[in-house]
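**Student:** Structure: start-v6.tsv, TSV, C-alpha atoms and all ligand atoms.
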```tsv
chain	number	residue	atom	x	y	z
A	29	LYS	CA	70.71	84.74	87.96
A	30	PRO	CA	73.34	83.38	90.33
A	31	ARG	CA	75.14	85.97	92.40
A	32	LEU	CA	78.88	86.22	91.67
A	33	TYR	CA	81.51	88.03	93.72
A	34	SER	CA	85.22	88.54	93.22
A	35	GLY	CA	87.92	91.14	93.75
A	36	MET	CA	91.57	92.09	93.48
A	37	GLN	CA	93.96	94.08	95.60
A	38	PRO	CA	95.16	97.42	94.24
A	39	SER	CA	98.64	96.47	95.38
A	40	SER	CA	100.59	97.55	92.30
A	41	ASP	CA	100.24	100.04	89.47
A	42	SER	CA	99.42	97.28	87.01
A	43	LEU	CA	97.76	93.89	87.16
A	44	GLN	CA	99.85	90.92	86.01
A	45	ILE	CA	99.04	88.20	83.52
A	46	GLY	CA	98.12	85.73	86.31
A	47	ASN	CA	95.37	88.08	87.47
A	48	TYR	CA	94.13	88.33	83.90
A	49	ILE	CA	94.20	84.61	83.15
A	50	GLY	CA	93.29	83.32	86.61
A	51	ALA	CA	90.49	85.78	87.26
A	52	LEU	CA	89.60	88.60	84.84
A	53	LEU	CA	89.04	86.35	81.83
A	54	SER	CA	86.46	84.24	83.63
A	55	TRP	CA	84.91	87.33	85.26
A	56	LYS	CA	84.34	88.75	81.81
A	57	ARG	CA	82.70	85.56	80.57
A	58	MET	CA	80.66	84.92	83.69
A	59	GLN	CA	79.27	88.44	84.01
A	60	GLU	CA	76.93	87.52	81.14
A	61	GLU	CA	75.06	84.81	83.07
A	62	CYS	CA	75.54	86.12	86.59
A	63	ASP	CA	74.53	88.99	88.78
A	64	ALA	CA	78.14	89.98	89.38
A	65	LEU	CA	79.97	92.25	91.79
A	66	PHE	CA	83.67	93.02	91.35
A	67	SER	CA	85.52	94.97	93.98
A	68	ILE	CA	88.86	96.64	94.30
A	69	VAL	CA	89.81	95.54	97.77
A	70	ASP	CA	91.70	98.51	99.14
A	71	LEU	CA	91.12	97.48	102.76
A	72	HIS	CA	92.95	94.24	101.98
A	73	ALA	CA	95.79	96.14	100.34
A	74	ILE	CA	96.58	97.99	103.59
A	75	THR	CA	97.36	94.76	105.43
A	76	VAL	CA	100.93	95.27	104.23
A	77	PRO	CA	102.62	98.70	104.40
A	78	GLN	CA	101.34	101.09	101.72
A	79	ASP	CA	102.22	104.47	100.32
A	80	PRO	CA	99.00	106.56	100.58
A	81	ALA	CA	99.32	108.45	97.28
A	82	GLN	CA	100.31	105.28	95.48
A	83	LEU	CA	97.37	103.34	96.91
A	84	ARG	CA	94.92	105.98	95.72
A	85	GLU	CA	96.47	105.92	92.25
A	86	ASN	CA	96.59	102.10	92.13
A	87	THR	CA	92.93	101.90	93.10
A	88	ARG	CA	91.90	103.98	90.08
A	89	ARG	CA	94.33	102.10	87.86
A	90	THR	CA	92.90	98.75	88.94
A	91	ALA	CA	89.36	99.96	88.21
A	92	ALA	CA	90.43	101.18	84.78
A	93	GLN	CA	92.03	97.81	84.02
A	94	TYR	CA	88.88	95.91	85.01
A	95	ILE	CA	86.86	98.00	82.57
A	96	ALA	CA	89.50	97.90	79.82
A	97	ALA	CA	89.65	94.10	80.13
A	98	GLY	CA	85.91	93.86	79.54
A	99	ILE	CA	84.08	94.28	82.84
A	100	ASP	CA	81.02	96.34	82.03
A	101	PRO	CA	80.13	98.68	84.92
A	102	SER	CA	76.59	99.15	83.68
A	103	ARG	CA	75.95	95.40	83.79
A	104	SER	CA	78.12	94.36	86.72
A	105	THR	CA	78.72	96.22	89.97
A	106	LEU	CA	82.31	97.42	89.99
A	107	TYR	CA	83.24	99.31	93.14
A	108	VAL	CA	85.85	100.10	95.76
A	109	GLN	CA	85.56	98.01	98.92
A	110	SER	CA	86.11	100.89	101.39
A	111	HIS	CA	83.23	102.83	99.81
A	112	VAL	CA	80.88	100.33	101.42
A	113	PRO	CA	81.45	100.44	105.20
A	114	ALA	CA	79.53	97.20	105.79
A	115	HIS	CA	82.63	95.19	104.75
A	116	ALA	CA	84.65	96.32	107.74
A	117	GLU	CA	81.62	96.02	110.01
A	118	LEU	CA	80.75	92.46	109.07
A	119	ALA	CA	84.43	91.50	109.22
A	120	TRP	CA	84.46	92.55	112.88
A	121	VAL	CA	81.51	90.31	113.66
A	122	LEU	CA	83.08	87.38	111.80
A	123	ASN	CA	86.35	87.93	113.67
A	124	THR	CA	84.46	87.07	116.84
A	125	ILE	CA	83.51	83.62	115.55
A	126	THR	CA	86.87	82.81	113.95
A	127	GLY	CA	89.28	80.65	115.91
A	128	PHE	CA	92.76	81.96	116.52
A	129	GLY	CA	94.24	78.65	115.41
A	130	GLU	CA	91.90	78.51	112.45
A	131	ALA	CA	93.15	81.86	111.13
A	132	GLY	CA	96.72	80.85	111.91
A	133	ARG	CA	96.44	77.87	109.58
A	134	MET	CA	95.88	80.01	106.48
A	135	THR	CA	98.85	79.29	104.23
A	136	GLN	CA	98.87	82.74	102.62
A	137	PHE	CA	99.14	84.33	106.07
A	138	LYS	CA	101.92	81.93	107.00
A	139	ASP	CA	103.86	82.77	103.83
A	140	LYS	CA	103.38	86.53	104.05
A	141	SER	CA	104.10	86.77	107.77
A	142	ALA	CA	107.19	84.58	107.42
A	143	LYS	CA	108.48	87.03	104.81
A	144	GLN	CA	107.79	90.05	107.02
A	145	GLY	CA	108.81	88.60	110.38
A	146	ALA	CA	106.38	87.93	113.24
A	147	ASP	CA	106.56	91.43	114.71
A	148	ALA	CA	106.26	93.28	111.42
A	149	ALA	CA	103.21	91.25	110.34
A	150	SER	CA	100.04	93.03	111.50
A	151	VAL	CA	96.84	91.80	113.11
A	152	GLY	CA	95.21	93.08	109.91
A	153	LEU	CA	97.24	90.61	107.87
A	154	PHE	CA	96.13	87.86	110.25
A	155	ALA	CA	92.48	88.86	109.84
A	156	TYR	CA	92.75	89.30	106.06
A	157	PRO	CA	90.80	86.11	105.20
A	158	VAL	CA	88.00	87.09	107.59
A	159	LEU	CA	87.55	90.38	105.73
A	160	MET	CA	87.47	88.39	102.51
A	161	ALA	CA	84.74	86.18	104.00
A	162	ALA	CA	82.78	89.34	104.85
A	163	ASP	CA	83.11	90.57	101.24
A	164	ILE	CA	81.64	87.37	99.92
A	165	LEU	CA	78.94	86.76	102.54
A	166	LEU	CA	77.51	90.30	102.49
A	167	TYR	CA	76.16	89.74	98.98
A	168	ARG	CA	74.64	86.27	99.43
A	169	THR	CA	77.21	85.10	96.88
A	170	GLU	CA	76.89	81.74	95.17
A	171	VAL	CA	80.03	81.65	93.00
A	172	VAL	CA	83.49	83.10	93.52
A	173	PRO	CA	85.78	82.90	90.46
A	174	VAL	CA	89.41	83.04	91.65
A	175	GLY	CA	92.81	81.44	91.14
A	176	GLU	CA	94.01	78.40	93.08
A	177	ASP	CA	95.74	80.51	95.76
A	178	GLN	CA	92.36	81.67	97.10
A	179	ARG	CA	90.81	78.23	97.58
A	180	GLN	CA	91.62	77.97	101.28
A	181	HIS	CA	90.11	81.41	101.96
A	182	ILE	CA	86.85	80.35	100.36
A	183	GLU	CA	86.84	77.17	102.44
A	184	LEU	CA	87.20	79.37	105.53
A	185	THR	CA	84.33	81.55	104.27
A	186	ARG	CA	82.11	78.47	104.03
A	187	ASP	CA	83.13	77.32	107.51
A	188	LEU	CA	82.34	80.73	109.02
A	189	ALA	CA	78.98	80.91	107.22
A	190	THR	CA	78.04	77.44	108.43
A	191	ARG	CA	79.08	78.27	111.99
A	192	PHE	CA	77.16	81.54	112.03
A	193	ASN	CA	74.06	79.92	110.55
A	194	SER	CA	74.02	77.14	113.10
A	195	ARG	CA	74.57	79.51	116.02
A	196	PHE	CA	72.25	82.35	115.03
A	197	GLY	CA	69.87	80.94	112.41
A	198	ASP	CA	70.02	80.67	108.67
A	199	THR	CA	71.57	83.94	107.45
A	200	PHE	CA	74.36	83.34	104.96
A	201	VAL	CA	74.46	81.56	101.62
A	202	LEU	CA	77.35	79.09	101.24
A	203	PRO	CA	79.54	80.26	98.36
A	204	GLU	CA	81.42	78.01	95.97
A	205	ALA	CA	84.86	78.65	94.55
A	206	ARG	CA	85.02	78.55	90.77
A	207	ILE	CA	88.58	77.66	89.85
A	208	LEU	CA	89.36	76.67	86.27
A	209	THR	CA	92.08	74.03	86.48
A	210	GLU	CA	93.90	74.97	83.28
A	211	THR	CA	94.27	78.58	84.35
A	212	ALA	CA	94.37	78.24	88.12
A	213	LYS	CA	98.01	79.16	88.47
A	214	ILE	CA	100.41	81.08	86.26
A	215	TYR	CA	104.06	80.91	87.30
A	216	ASP	CA	106.86	83.47	87.38
A	217	LEU	CA	108.77	83.43	84.06
A	218	GLN	CA	112.14	83.53	85.83
A	219	ASN	CA	111.19	81.09	88.56
A	220	PRO	CA	108.56	78.81	87.03
A	221	THR	CA	107.83	76.82	90.17
A	222	ALA	CA	106.69	79.96	92.06
A	223	LYS	CA	103.35	81.68	91.48
A	224	MET	CA	103.53	84.89	89.48
A	225	SER	CA	102.62	87.67	91.87
A	226	LYS	CA	102.07	91.45	91.95
A	227	SER	CA	104.31	91.57	94.99
A	228	ALA	CA	107.21	89.57	93.52
A	229	GLU	CA	110.60	90.95	94.55
A	230	SER	CA	111.98	90.89	91.01
A	231	HIS	CA	109.87	92.07	88.09
A	232	ALA	CA	111.90	90.22	85.47
A	233	GLY	CA	109.53	87.25	85.49
A	234	VAL	CA	106.26	89.18	85.83
A	235	ILE	CA	104.22	90.17	82.76
A	236	TRP	CA	102.30	93.34	83.60
A	237	LEU	CA	99.14	94.25	81.72
A	238	LEU	CA	100.45	97.80	81.36
A	239	ASP	CA	104.02	97.02	80.29
A	240	GLU	CA	105.16	98.50	77.00
A	241	PRO	CA	104.84	95.86	74.24
A	242	SER	CA	108.62	95.76	73.76
A	243	VAL	CA	109.13	95.06	77.48
A	244	THR	CA	106.56	92.27	77.41
A	245	ALA	CA	108.22	90.69	74.39
A	246	LYS	CA	111.65	90.90	75.99
A	247	LYS	CA	110.47	89.23	79.19
A	248	ILE	CA	108.93	86.37	77.24
A	249	MET	CA	112.02	85.89	75.08
A	250	ARG	CA	114.09	85.69	78.28
A	251	ALA	CA	111.75	83.32	80.12
A	252	VAL	CA	113.51	80.39	81.80
A	253	THR	CA	113.09	77.11	79.88
A	254	ASP	CA	115.36	74.02	79.80
A	255	ASP	CA	117.94	72.49	77.46
A	256	ASP	CA	115.72	69.80	76.09
A	257	ALA	CA	114.60	72.14	73.28
A	258	SER	CA	111.23	70.49	72.67
A	259	VAL	CA	107.98	72.41	73.03
A	260	ARG	CA	106.15	69.89	75.18
A	261	PHE	CA	103.90	70.16	78.25
A	262	ASP	CA	105.38	68.43	81.29
A	263	ARG	CA	104.75	70.33	84.51
A	264	GLU	CA	107.30	68.32	86.53
A	265	ALA	CA	110.21	68.06	84.11
A	266	LYS	CA	109.62	71.23	82.08
A	267	PRO	CA	107.92	73.82	84.32
A	268	GLY	CA	109.06	76.86	82.30
A	269	VAL	CA	107.89	75.59	78.92
A	270	SER	CA	104.67	74.22	80.43
A	271	ASN	CA	103.84	77.60	81.92
A	272	LEU	CA	104.38	79.31	78.55
A	273	LEU	CA	102.21	76.66	76.90
A	274	SER	CA	99.39	77.31	79.40
A	275	ILE	CA	99.51	81.03	78.68
A	276	TYR	CA	99.57	80.39	74.94
A	277	SER	CA	96.67	77.97	75.15
A	278	VAL	CA	94.40	80.21	77.21
A	279	LEU	CA	95.03	83.37	75.22
A	280	SER	CA	94.68	81.68	71.82
A	281	GLU	CA	91.78	79.44	72.94
A	282	ARG	CA	93.64	76.52	71.38
A	283	SER	CA	94.51	73.16	72.90
A	284	VAL	CA	98.01	72.58	74.25
A	285	ASP	CA	98.31	69.64	71.83
A	286	SER	CA	97.75	71.77	68.76
A	287	ILE	CA	100.37	74.30	69.94
A	288	GLU	CA	102.89	71.52	70.61
A	289	ASP	CA	102.25	70.25	67.09
A	290	GLU	CA	102.70	73.67	65.54
A	291	PHE	CA	106.09	74.19	67.18
A	292	ALA	CA	107.29	70.55	67.10
A	293	ALA	CA	109.93	71.27	64.46
A	294	SER	CA	110.99	74.72	65.66
A	295	GLY	CA	113.05	75.64	68.69
A	296	TYR	CA	112.10	77.70	71.74
A	297	GLY	CA	112.92	80.94	69.94
A	298	ALA	CA	110.10	80.66	67.43
A	299	PHE	CA	107.69	79.46	70.11
A	300	LYS	CA	108.51	82.38	72.40
A	301	LYS	CA	108.25	84.82	69.53
A	302	GLY	CA	104.79	83.49	68.70
A	303	LEU	CA	103.77	83.79	72.34
A	304	ALA	CA	105.14	87.33	72.64
A	305	GLU	CA	103.10	88.42	69.62
A	306	LEU	CA	100.00	86.79	71.03
A	307	VAL	CA	100.33	88.37	74.49
A	308	VAL	CA	101.01	91.80	73.02
A	309	SER	CA	98.01	91.50	70.70
A	310	VAL	CA	95.75	90.76	73.68
A	311	PHE	CA	97.24	93.30	76.10
A	312	GLU	CA	97.94	96.22	73.80
A	313	PRO	CA	94.26	97.25	73.39
A	314	ILE	CA	93.70	96.79	77.14
A	315	ARG	CA	96.70	98.97	77.88
A	316	ALA	CA	95.55	101.68	75.47
A	317	ARG	CA	92.03	101.73	76.87
A	318	THR	CA	93.32	101.83	80.46
A	319	LEU	CA	95.57	104.80	79.77
A	320	GLU	CA	92.72	106.57	77.99
A	321	MET	CA	90.41	106.12	80.97
A	322	LEU	CA	93.07	107.32	83.37
A	323	ASP	CA	93.07	110.61	81.49
A	324	ASP	CA	89.61	111.25	82.89
A	325	PRO	CA	89.75	110.30	86.59
A	326	ALA	CA	86.58	112.27	87.38
A	327	GLU	CA	84.55	110.05	85.06
A	328	LEU	CA	86.09	106.94	86.61
A	329	ASP	CA	85.28	108.20	90.12
A	330	ARG	CA	81.71	108.86	89.03
A	331	ILE	CA	81.30	105.29	87.77
A	332	LEU	CA	82.78	103.92	91.00
A	333	ALA	CA	80.49	106.06	93.17
A	334	GLY	CA	77.34	104.96	91.36
A	335	ASN	CA	78.35	101.32	91.58
A	336	ALA	CA	79.21	101.61	95.28
A	337	ALA	CA	75.68	102.85	95.94
A	338	ARG	CA	74.30	99.73	94.27
A	339	ALA	CA	76.56	97.47	96.33
A	340	GLN	CA	75.77	99.29	99.55
A	341	GLU	CA	72.05	98.64	99.21
A	342	ILE	CA	72.58	94.89	99.27
A	343	ALA	CA	75.33	94.96	101.88
A	344	ASP	CA	73.40	97.10	104.37
A	345	GLN	CA	70.47	94.69	104.35
A	346	THR	CA	72.68	91.73	105.17
A	347	LEU	CA	74.49	93.65	107.89
A	348	GLN	CA	71.21	94.69	109.55
A	349	THR	CA	70.03	91.08	109.59
A	350	VAL	CA	73.34	90.00	111.12
A	351	TYR	CA	73.20	92.71	113.81
A	352	ASP	CA	69.66	91.66	114.71
A	353	ARG	CA	70.53	87.96	114.83
A	354	ILE	CA	73.51	88.43	117.14
A	355	GLY	CA	71.59	90.70	119.51
A	356	LEU	CA	72.92	94.19	118.92
A	357	LEU	CA	70.37	96.76	120.09
A	358	ARG	CA	68.99	98.86	117.25
A	359	ARG	CA	69.44	102.57	117.52
A	360	GLY	CA	66.05	103.98	118.54
B	1	LIG	P1	94.85	89.12	94.41
B	1	LIG	O1	94.73	90.58	94.23
B	1	LIG	O2	96.08	88.56	95.00
B	1	LIG	O3	94.64	88.37	93.04
B	1	LIG	C1	93.50	88.63	92.24
B	1	LIG	C2	93.05	87.37	91.52
B	1	LIG	O4	94.09	86.88	90.65
B	1	LIG	C3	94.35	85.51	90.93
B	1	LIG	N1	95.78	85.27	90.72
B	1	LIG	C4	96.28	84.32	89.94
B	1	LIG	N2	95.69	83.37	89.18
B	1	LIG	C5	96.50	82.54	88.47
B	1	LIG	N3	97.85	82.62	88.50
B	1	LIG	C6	98.49	83.54	89.23
B	1	LIG	N4	99.81	83.63	89.24
B	1	LIG	C7	97.69	84.46	90.01
B	1	LIG	N5	97.99	85.49	90.83
B	1	LIG	C8	96.80	85.97	91.26
B	1	LIG	C9	93.96	85.32	92.38
B	1	LIG	O5	93.67	83.98	92.66
B	1	LIG	C10	92.74	86.21	92.48
B	1	LIG	O6	91.60	85.54	92.01
B	1	LIG	N6	92.27	87.80	98.44
B	1	LIG	C11	92.09	88.15	97.05
B	1	LIG	C12	91.23	89.37	96.84
B	1	LIG	C13	89.87	89.29	97.45
B	1	LIG	C14	88.78	88.53	97.00
B	1	LIG	C15	87.70	88.82	97.87
B	1	LIG	C16	88.61	87.61	95.97
B	1	LIG	C17	89.43	90.01	98.53
B	1	LIG	N7	88.13	89.71	98.77
B	1	LIG	C18	86.43	88.22	97.72
B	1	LIG	C19	87.36	87.01	95.82
B	1	LIG	C20	86.30	87.31	96.68
B	1	LIG	C21	93.46	88.45	96.49
B	1	LIG	O7	94.42	88.63	97.19
B	1	LIG	O8	93.54	88.60	95.19
```
Could you quickly redo this structure as C-alpha cells?

**Tutor:**
Amino acid sequence: KPRLYSGMQPSSDSLQIGNYIGALLSWKRMQEECDALFSIVDLHAITVPQDPAQLRENTRRTAAQYIAAGIDPSRSTLYVQSHVPAHAELAWVLNTITGFGEAGRMTQFKDKSAKQGADAASVGLFAYPVLMAADILLYRTEVVPVGEDQRQHIELTRDLATRFNSRFGDTFVLPEARILTETAKIYDLQNPTAKMSKSAESHAGVIWLLDEPSVTAKKIMRAVTDDDASVRFDREAKPGVSNLLSIYSVLSERSVDSIEDEFAASGYGAFKKGLAELVVSVFEPIRARTLEMLDDPAELDRILAGNAARAQEIADQTLQTVYDRIGLLRRG
C-alpha cells in the first residue's frame, strides 16, 4: 500500500470548511487504499504566537474533528507531531542543507512575515517548510494530499530529498502532492478572491466545522455574490457565486452543471438556502461527534498516545539512517 502523509495545524478551536474540502475529505477516501499517517502539527502552530492553554485545547479539538470527520485511528495513524521527537531532529538536519534564499522564496513565509513585520516574524516561521519536509520524509511518504497553498512546500520537500540523496546516498523517497483541482482552494465568503483561512482576521466569511447550524446558515445567506443574479460558474467575473457552487458540488457529489440547471430559474436566495441546508446536514453530525469525544479527553489522549508509538517506530528508523549517513557518531 502506498504511504500517505498529511497534517493540519491546531491553530484555532475549529477547522474551517476549506480544511474539510481541501484535505479531510480526500484523507478519508484515501485512507482506504493507503498506509496513512495524519498528524496534528503543534510544532508548526507555535511558529506564530500562541496561548499555551488554548494550544493544548485546540490540539485535542483538532484530533476529535479528524476522527469525527471519518479518520479511523485504528486503520490510520493519527498522532500529535510533538509526541514524536524525530520531527524536530530531522528538521534540524534538513535546515543545514536548505539555502537561505531558497527558504526566503516560500510565498507563505513571505505573506505571513509581511503581515507580522520583519522583526516580529520568527526564525521558526522561516524554517516552517523545512519542518514540514521532515514530517513527510521521515515516513518514506509517497503521496501528500493537501490544498493548493501547500504545493510549493512539497516542491521544496522534493528538492531537499533529492539534494540529501545525492550528497549522502539514497535515503529519502520523493513524495508527490495530491491536489484535487476542483477542491484545491475554497475562498472566504466575504472576500471571495482570498483563500478561506483559520487565521483570517474577520470570521464573517469563514465557515467553521463547529459553528452552530444557525450561524453557518447565516454566514452562507450573507455570502458576497454579485448583482447579475444568475447561478453560474465563472471564477473571474463571479468569484463569490463560483465559490459557493464549488462547495455545493463537492458536498453533494453533483456536477456544477446540474446545480446551475437546478437553480437557473431561482435567485441567489434559494440557491444559498439550499447550500446552507446541505452544509449543515454534512457538518451537524461531525459537530455532534466532536463535542461528544471532547467530553472524554482521557480516551482521546489514549488514542493519540498509542498512535504516536506507531509513528515513532517508523520515524526513529529513518532518523538513525540519516544520522549514520551524515556522519554523526553513535552513542556507544
Ligand atoms: P493548514 O493547517 O494550514 O491546512 C490544513 C489543510 O487544509 C488545506 N486548506 C485548504 N484547502 C482548500 N481551501 C482552503 N481555503 C484551505 N485552507 C486550508 C491546506 O492546504 C492543508 O492541506 N503546512 C500545513 C500543515 C502540515 C503538513 C505537513 C501538511 C505540516 N506538515 C506535512 C502535509 C504534510 C498547513 O499549514 O496546513

**Student:** Produce a table with one row for each residue of chain A that has an atom at most 6 Å from any atom of ligand LIG 1 (chain B), each row naming the nearest atom pair and its distance in Å at one decimal; use all atoms listed in the file; arrange rows by chain and rising residue number; format as JSON lines.

**Tutor:**
```
{"residue": "A:Tyr33", "atom": "CA", "partner": "B:LIG1", "partner_atom": "C20", "distance": 5.7}
{"residue": "A:Ser34", "atom": "CA", "partner": "B:LIG1", "partner_atom": "C19", "distance": 3.7}
{"residue": "A:Gly35", "atom": "CA", "partner": "B:LIG1", "partner_atom": "C16", "distance": 4.2}
{"residue": "A:Met36", "atom": "CA", "partner": "B:LIG1", "partner_atom": "O1", "distance": 3.6}
{"residue": "A:Gln37", "atom": "CA", "partner": "B:LIG1", "partner_atom": "O1", "distance": 3.8}
{"residue": "A:Gly46", "atom": "CA", "partner": "B:LIG1", "partner_atom": "C6", "distance": 3.7}
{"residue": "A:Asn47", "atom": "CA", "partner": "B:LIG1", "partner_atom": "O4", "distance": 3.6}
{"residue": "A:Gly50", "atom": "CA", "partner": "B:LIG1", "partner_atom": "N2", "distance": 3.5}
{"residue": "A:Ala51", "atom": "CA", "partner": "B:LIG1", "partner_atom": "O6", "distance": 4.9}
{"residue": "A:Val69", "atom": "CA", "partner": "B:LIG1", "partner_atom": "C17", "distance": 5.6}
{"residue": "A:Met160", "atom": "CA", "partner": "B:LIG1", "partner_atom": "N7", "distance": 4.0}
{"residue": "A:Asp163", "atom": "CA", "partner": "B:LIG1", "partner_atom": "C18", "distance": 5.4}
{"residue": "A:Ile164", "atom": "CA", "partner": "B:LIG1", "partner_atom": "C18", "distance": 5.3}
{"residue": "A:Val172", "atom": "CA", "partner": "B:LIG1", "partner_atom": "C19", "distance": 6.0}
{"residue": "A:Val174", "atom": "CA", "partner": "B:LIG1", "partner_atom": "O6", "distance": 3.3}
{"residue": "A:Gly175", "atom": "CA", "partner": "B:LIG1", "partner_atom": "O5", "distance": 3.1}
{"residue": "A:Glu176", "atom": "CA", "partner": "B:LIG1", "partner_atom": "O5", "distance": 5.6}
{"residue": "A:Asp177", "atom": "CA", "partner": "B:LIG1", "partner_atom": "O5", "distance": 5.1}
{"residue": "A:Gln178", "atom": "CA", "partner": "B:LIG1", "partner_atom": "O5", "distance": 5.2}
{"residue": "A:Ala212", "atom": "CA", "partner": "B:LIG1", "partner_atom": "C5", "distance": 4.8}
{"residue": "A:Lys213", "atom": "CA", "partner": "B:LIG1", "partner_atom": "N3", "distance": 3.5}
{"residue": "A:Ile214", "atom": "CA", "partner": "B:LIG1", "partner_atom": "N3", "distance": 3.7}
{"residue": "A:Tyr215", "atom": "CA", "partner": "B:LIG1", "partner_atom": "N4", "distance": 5.4}
{"residue": "A:Lys223", "atom": "CA", "partner": "B:LIG1", "partner_atom": "N4", "distance": 4.6}
{"residue": "A:Met224", "atom": "CA", "partner": "B:LIG1", "partner_atom": "N4", "distance": 3.9}
{"residue": "A:Ser225", "atom": "CA", "partner": "B:LIG1", "partner_atom": "N5", "distance": 5.2}
```

**Student:** Just how far from atom CA of Ala298 of chain A is atom CA of Thr221 of chain A, in Å to one decimal?

**Tutor:**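 Result for atom CA of Thr221 of chain A versus atom CA of Ala298 of chain A: 23.2 Å, one decimal.
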
**Student:** Need to verify the contact set: Thr75 of chain A, 7 Å, all atoms listed in the file, exclusion of same-chain residues closer than 2 positions in sequence. Can you return it as a list of chain:residue names?

**Tutor:**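 Here the answer would be A:His72, A:Ala73, A:Pro77, A:Ser150, A:Gly152, A:Leu153.
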
**Student:** Between A:Val171, A:Ile207, A:Thr126, A:Glu312, which has the minimum distance to Thr190 of chain A (counting all atoms listed in the file)?

**Tutor:**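 Of the candidates, the smallest distance to Thr190 of chain A is held by A:Thr126.
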
**Student:** So that I can see what lies close to Phe66 of chain A, please list as a list of chain:residue names the residues with an atom at most 10 Å from it, counting all atoms listed in the file and leaving out residues fewer than 2 positions away in the same chain.

**Tutor:** A:Leu32, A:Tyr33, A:Ser34, A:Gly35, A:Met36, A:Leu52, A:Trp55, A:Gln59, A:Ala64, A:Ile68, A:Val69, A:Ala91, A:Tyr94, A:Ile99, A:Pro101, A:Ser104, A:Thr105, A:Leu106, A:Tyr107, A:Val108, A:Gln109, A:Asn335, A:Ala339

**Student:** Go ahead and fit an axis-aligned box to every listed atom of segment 224-235 of chain A plus 5 Å each side, and pass me the centre and edge lengths in Å, one decimal, as AutoDock Vina command-line options.

**Tutor:**
```
--center_x 107.0 --center_y 88.5 --center_z 88.9 --size_x 19.9 --size_y 17.2 --size_z 22.2
```

**Student:** Pick out the residues sitting within 12 Å of Ala265 of chain A, and hand them over as a PDB file with C-alpha atoms, keeping the file's coordinate frame; count all atoms listed in the file, and ignore anything fewer than 3 positions along from it in its own chain.

**Tutor:**
```pdb
ATOM      1  CA  PRO A 220     108.560  78.810  87.030  1.00  0.00           C
ATOM      2  CA  THR A 221     107.830  76.820  90.170  1.00  0.00           C
ATOM      3  CA  THR A 253     113.090  77.110  79.880  1.00  0.00           C
ATOM      4  CA  ASP A 254     115.360  74.020  79.800  1.00  0.00           C
ATOM      5  CA  ASP A 255     117.940  72.490  77.460  1.00  0.00           C
ATOM      6  CA  ASP A 256     115.720  69.800  76.090  1.00  0.00           C
ATOM      7  CA  SER A 258     111.230  70.490  72.670  1.00  0.00           C
ATOM      8  CA  ARG A 260     106.150  69.890  75.180  1.00  0.00           C
ATOM      9  CA  PHE A 261     103.900  70.160  78.250  1.00  0.00           C
ATOM     10  CA  ASP A 262     105.380  68.430  81.290  1.00  0.00           C
ATOM     11  CA  GLY A 268     109.060  76.860  82.300  1.00  0.00           C
ATOM     12  CA  VAL A 269     107.890  75.590  78.920  1.00  0.00           C
ATOM     13  CA  SER A 270     104.670  74.220  80.430  1.00  0.00           C
ATOM     14  CA  ASN A 271     103.840  77.600  81.920  1.00  0.00           C
TER      15      ASN A 271
END
```

**Student:** Restricting the calculation to all atoms listed in the file: of A:Thr199, A:Ser67, A:Gln44, A:Thr185, which residue gets closest to Gln345 of chain A?

**Tutor:** A:Thr199
